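**Q** I have a structure here, written as structure tokens, and I will follow up with some questions on it.
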Amino acid sequence: MSSHKLQAPKGTRDWYPNEMSVRRHIEAAWRSASVDSGFDEIEGPTFEHLELYTIKSGEGIVNELFSFTRAGGDDTYALRPEFTPTLARMVVARAAQLPMPIKWFCMPAMFRAERPQRGRLREFQQWNVDLIGVAGAEADAEVIATGILALERLGLRPTDVQVRISHRDAVANILRRLGVAAESLHAAFELLDRRDKLDAAEFAKRAAALGLDEGARAGFERVARTTLPIATDIAELARNVDVPVEDVEPLAALRDRLSALGLADWCRWDLGIVRGLAYYTGMVFEFHEASGAERAIAGGGRYDTLVELFGGPKLPACGFGMGDVVLSLVLADRGLLKDAEAGAFLPRPDVFLLSNGAEAAERGVAGLEHSLRRAGFHVRRSYKQTRNIGKLLGDANKVRARFALIVDDKFADGVVTLKDLGAGTQADVWREDLDGLLRRAR
RNA sequence: GCGACCGUAGCUCAGUUGGCAGAGCACCGGGUUGUGGUCCCGGGUGUCGCGGGUUCAAGCCCCGUCGGUCGCCCCA
């Protein structure tokens, strides 16, 4: 709002209590879905040696990084733009001693020096889930299922979000069938990925360069546009893209596994999903808002060669990243964050303590407040001068306290008034019974 | 890195051909010794993003800059 130095840097966010409560709400779903699925939480440094990021992504990535050197130092560092290189480094460092499989998750802040736009900021939280050491559809489906579990816990349903799944082996088979030479496969993936950004003439030109004639181009288009329910028989899927069923065989096990997990409604085949990353080796997927309105909510896949690329043993691996920015937009669009402004995601006090101003009460409340906190309760009070009970109850209501504890001269006899702010009822109770009453009501 | 639009109170915004900065909500205080979530009264809380220019006079016009929004590039 004001200027230069006093403003938060471009593309960053300040987390006031209401915003922070929404972030914790999302992170709680991420964490609980991860832990319940058997993943352990890890964390790495916020910055790494710059070179760590060029190993798999090349020098081109440097423009998208916040990188720096220490004053007077020579080493170049970069704020982490993604977690995978750190993950690979951590796995490689202890590959020999880690029990397999490795099931790790984290939800760190990431930094990318991009121009902010809808669904994209320069700093954001990203949930990473990775399962390393297990090959095949069993692990692929478990990773996807963990992502879906978190979304379910945030109130989303298959009508809100769809997981679009493809498999590079199947797509490679189909592309070969269309006449793409092995050495052009990578370029063909890129073209598949960029098809919507190119005009028809440019697309045709590039397709021709890959060895696709007019008929094959039509087939290529058909592959790019193929989206079918995951429950679809793979023979039908094969017919749909006009290839023999063995070409799409890699999809069968994944289909069976996801169906067995009861997640078929959440998932669709989308053979146009490529993922830009060159290191994906099998299944790839993206979570999208159901109508396709937003950027991808999450993206991931299998990367069986990555650990080796970072100097470790050959280990099969599968994982995804889910950012908080697009997810928050989708949750807001679906009305799942609508009471956040009213503090609906802030922790609710168990007790709101108020004194009517009587001498015994004034003397007693401070000690009462802290002893209730020591007993494990969330206790708040008003800092207003007034001892007007109505006003103070208004404050209790504003912070959504469950109970108001009204202290008056009866406190001298060890009696306080406990008011249930939800039910509107109240009763005089012994101070010594208070902890038990509150604990039971919780 | 490029382009378009935008920037007035905590929030949403109004502000005429340049002439004393406003509304609603929020917030703060009070309502004849004590009952809230829906009453009443009072309070404007401001570097009009910032810097410069034009002018007797700038929220308004001009230039620059920072930031926001949405695209492009890129998207790990």
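Numbering starts fresh at 1 for the residues of each chain in the structure tokens, the chains themselves are lettered A, B, ... in the order given, and ligands are numbered from 1 as they appear.
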Once you count only C-alpha atoms (C1' of nucleotides), which residues of chain A turn out to be within 8 Å of chain B? Could you give them as a list in words?
**A**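 Listing them in order of chain and number gives Met1, Ser2, Ser3, His4, Gln7, Lys10, Ser57, Pro81, Glu82, Gln117, Arg118, Leu277, Asn356, Asn388, Ile389, Gly390, Lys391, Leu392, Leu393, Gly394, Asp395, Ala396, Asn397, Lys398 and Leu421 of chain A.
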**Q** Within 10 Å of G44 (chain B), counting only C-alpha atoms (C1' of nucleotides), which residues qualify if same-chain residues fewer than 2 places away don't, as a list in words?
**A**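 Residues near the query, excluding close chain neighbours: A9, G22 and G46 of chain B.
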**Q** Include all heavy atoms and write out the residues we just selected as a PDB file, in the first residue's frame.
**A**
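Output (result-v4.pdb):
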```
ATOM      1  P     A B   9      -7.133   3.933   1.334  1.00  0.00           P
ATOM      2  OP1   A B   9      -5.958   3.078   1.622  1.00  0.00           O
ATOM      3  OP2   A B   9      -8.325   3.389   0.671  1.00  0.00           O
ATOM      4  O5'   A B   9      -7.590   4.612   2.706  1.00  0.00           O
ATOM      5  C5'   A B   9      -6.631   5.085   3.639  1.00  0.00           C
ATOM      6  C4'   A B   9      -7.117   4.816   5.049  1.00  0.00           C
ATOM      7  O4'   A B   9      -8.306   5.621   5.275  1.00  0.00           O
ATOM      8  C3'   A B   9      -7.526   3.367   5.307  1.00  0.00           C
ATOM      9  O3'   A B   9      -7.161   3.017   6.633  1.00  0.00           O
ATOM     10  C2'   A B   9      -9.037   3.398   5.211  1.00  0.00           C
ATOM     11  O2'   A B   9      -9.675   2.409   5.979  1.00  0.00           O
ATOM     12  C1'   A B   9      -9.330   4.785   5.775  1.00  0.00           C
ATOM     13  N9    A B   9     -10.624   5.327   5.382  1.00  0.00           N
ATOM     14  C8    A B   9     -11.523   4.839   4.469  1.00  0.00           C
ATOM     15  N7    A B   9     -12.631   5.545   4.381  1.00  0.00           N
ATOM     16  C5    A B   9     -12.430   6.573   5.283  1.00  0.00           C
ATOM     17  C6    A B   9     -13.234   7.659   5.654  1.00  0.00           C
ATOM     18  N6    A B   9     -14.435   7.904   5.145  1.00  0.00           N
ATOM     19  N1    A B   9     -12.742   8.502   6.586  1.00  0.00           N
ATOM     20  C2    A B   9     -11.537   8.256   7.103  1.00  0.00           C
ATOM     21  N3    A B   9     -10.687   7.257   6.827  1.00  0.00           N
ATOM     22  C4    A B   9     -11.201   6.447   5.901  1.00  0.00           C
ATOM     23  P     G B  22     -14.106  15.493   4.877  1.00  0.00           P
ATOM     24  OP1   G B  22     -14.995  16.586   5.267  1.00  0.00           O
ATOM     25  OP2   G B  22     -13.255  14.826   5.884  1.00  0.00           O
ATOM     26  O5'   G B  22     -14.975  14.404   4.145  1.00  0.00           O
ATOM     27  C5'   G B  22     -15.602  13.384   4.885  1.00  0.00           C
ATOM     28  C4'   G B  22     -16.499  12.621   3.951  1.00  0.00           C
ATOM     29  O4'   G B  22     -15.778  12.314   2.728  1.00  0.00           O
ATOM     30  C3'   G B  22     -16.922  11.276   4.485  1.00  0.00           C
ATOM     31  O3'   G B  22     -18.055  11.409   5.334  1.00  0.00           O
ATOM     32  C2'   G B  22     -17.246  10.521   3.209  1.00  0.00           C
ATOM     33  O2'   G B  22     -18.512  10.895   2.684  1.00  0.00           O
ATOM     34  C1'   G B  22     -16.147  11.041   2.261  1.00  0.00           C
ATOM     35  N9    G B  22     -14.966  10.175   2.239  1.00  0.00           N
ATOM     36  C8    G B  22     -13.724  10.425   2.784  1.00  0.00           C
ATOM     37  N7    G B  22     -12.874   9.462   2.575  1.00  0.00           N
ATOM     38  C5    G B  22     -13.589   8.518   1.852  1.00  0.00           C
ATOM     39  C6    G B  22     -13.210   7.253   1.333  1.00  0.00           C
ATOM     40  O6    G B  22     -12.116   6.704   1.408  1.00  0.00           O
ATOM     41  N1    G B  22     -14.262   6.622   0.672  1.00  0.00           N
ATOM     42  C2    G B  22     -15.518   7.151   0.524  1.00  0.00           C
ATOM     43  N2    G B  22     -16.391   6.412  -0.133  1.00  0.00           N
ATOM     44  N3    G B  22     -15.896   8.328   0.996  1.00  0.00           N
ATOM     45  C4    G B  22     -14.882   8.950   1.645  1.00  0.00           C
ATOM     46  P     G B  46      -4.313   7.404  10.854  1.00  0.00           P
ATOM     47  OP1   G B  46      -3.210   6.412  10.787  1.00  0.00           O
ATOM     48  OP2   G B  46      -4.136   8.653  11.603  1.00  0.00           O
ATOM     49  O5'   G B  46      -4.711   7.764   9.362  1.00  0.00           O
ATOM     50  C5'   G B  46      -4.699   6.752   8.356  1.00  0.00           C
ATOM     51  C4'   G B  46      -4.550   7.407   7.007  1.00  0.00           C
ATOM     52  O4'   G B  46      -5.846   7.873   6.576  1.00  0.00           O
ATOM     53  C3'   G B  46      -3.612   8.613   7.005  1.00  0.00           C
ATOM     54  O3'   G B  46      -2.515   8.348   6.154  1.00  0.00           O
ATOM     55  C2'   G B  46      -4.460   9.792   6.473  1.00  0.00           C
ATOM     56  O2'   G B  46      -3.797  10.550   5.514  1.00  0.00           O
ATOM     57  C1'   G B  46      -5.664   9.076   5.852  1.00  0.00           C
ATOM     58  N9    G B  46      -6.926   9.815   5.894  1.00  0.00           N
ATOM     59  C8    G B  46      -7.252  10.892   6.656  1.00  0.00           C
ATOM     60  N7    G B  46      -8.475  11.322   6.463  1.00  0.00           N
ATOM     61  C5    G B  46      -8.987  10.467   5.496  1.00  0.00           C
ATOM     62  C6    G B  46     -10.251  10.433   4.881  1.00  0.00           C
ATOM     63  O6    G B  46     -11.207  11.165   5.086  1.00  0.00           O
ATOM     64  N1    G B  46     -10.353   9.400   3.959  1.00  0.00           N
ATOM     65  C2    G B  46      -9.346   8.508   3.658  1.00  0.00           C
ATOM     66  N2    G B  46      -9.625   7.585   2.740  1.00  0.00           N
ATOM     67  N3    G B  46      -8.149   8.520   4.225  1.00  0.00           N
ATOM     68  C4    G B  46      -8.040   9.521   5.128  1.00  0.00           C
TER      69        G B  46
END
```
**Q** Region 204-362 of chain A: which residues are alpha helix (DSSP H) by DSSP, as JSON, numbers by chain?
**A** {"A": [204, 205, 206, 207, 208, 209, 214, 215, 216, 217, 218, 219, 220, 221, 222, 223, 224, 225, 234, 235, 236, 237, 238, 239, 240, 250, 251, 252, 253, 254, 255, 256, 257, 258, 259, 260, 306, 307, 308, 309, 324, 325, 326, 327, 328, 329, 330, 331, 332, 333, 359, 360, 361, 362]}
**Q** Which neighbours of Val92 (chain A) fall inside 10 Å, counting only C-alpha atoms (C1' of nucleotides), when residues of the same chain fewer than 5 positions from it are skipped, and could you give them as JSON, numbers by chain?
**A** {"A": [86, 87, 98, 307, 308, 309, 310, 311, 312, 313]}
**Q** Using only C-alpha atoms for the distances, tell me which of A:Met283, A:Ala188, A:Val161, A:Val180 is nearest to Ala135 (chain A).
**A**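 Closest residue, counting only C-alpha atoms: A:Met283.
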**Q** Would you please work out which residue, of B:C40, B:A58, B:A21, B:C63, is nearest to U8 (chain B) when using only C-alpha atoms (C1' of nucleotides)?
**A** B:A21
**Q** Using only C-alpha atoms for the distances, tell me which of A:Phe124, A:Leu178, A:Gly364, A:Val274 is nearest to Arg217 (chain A).
**A** A:Leu178
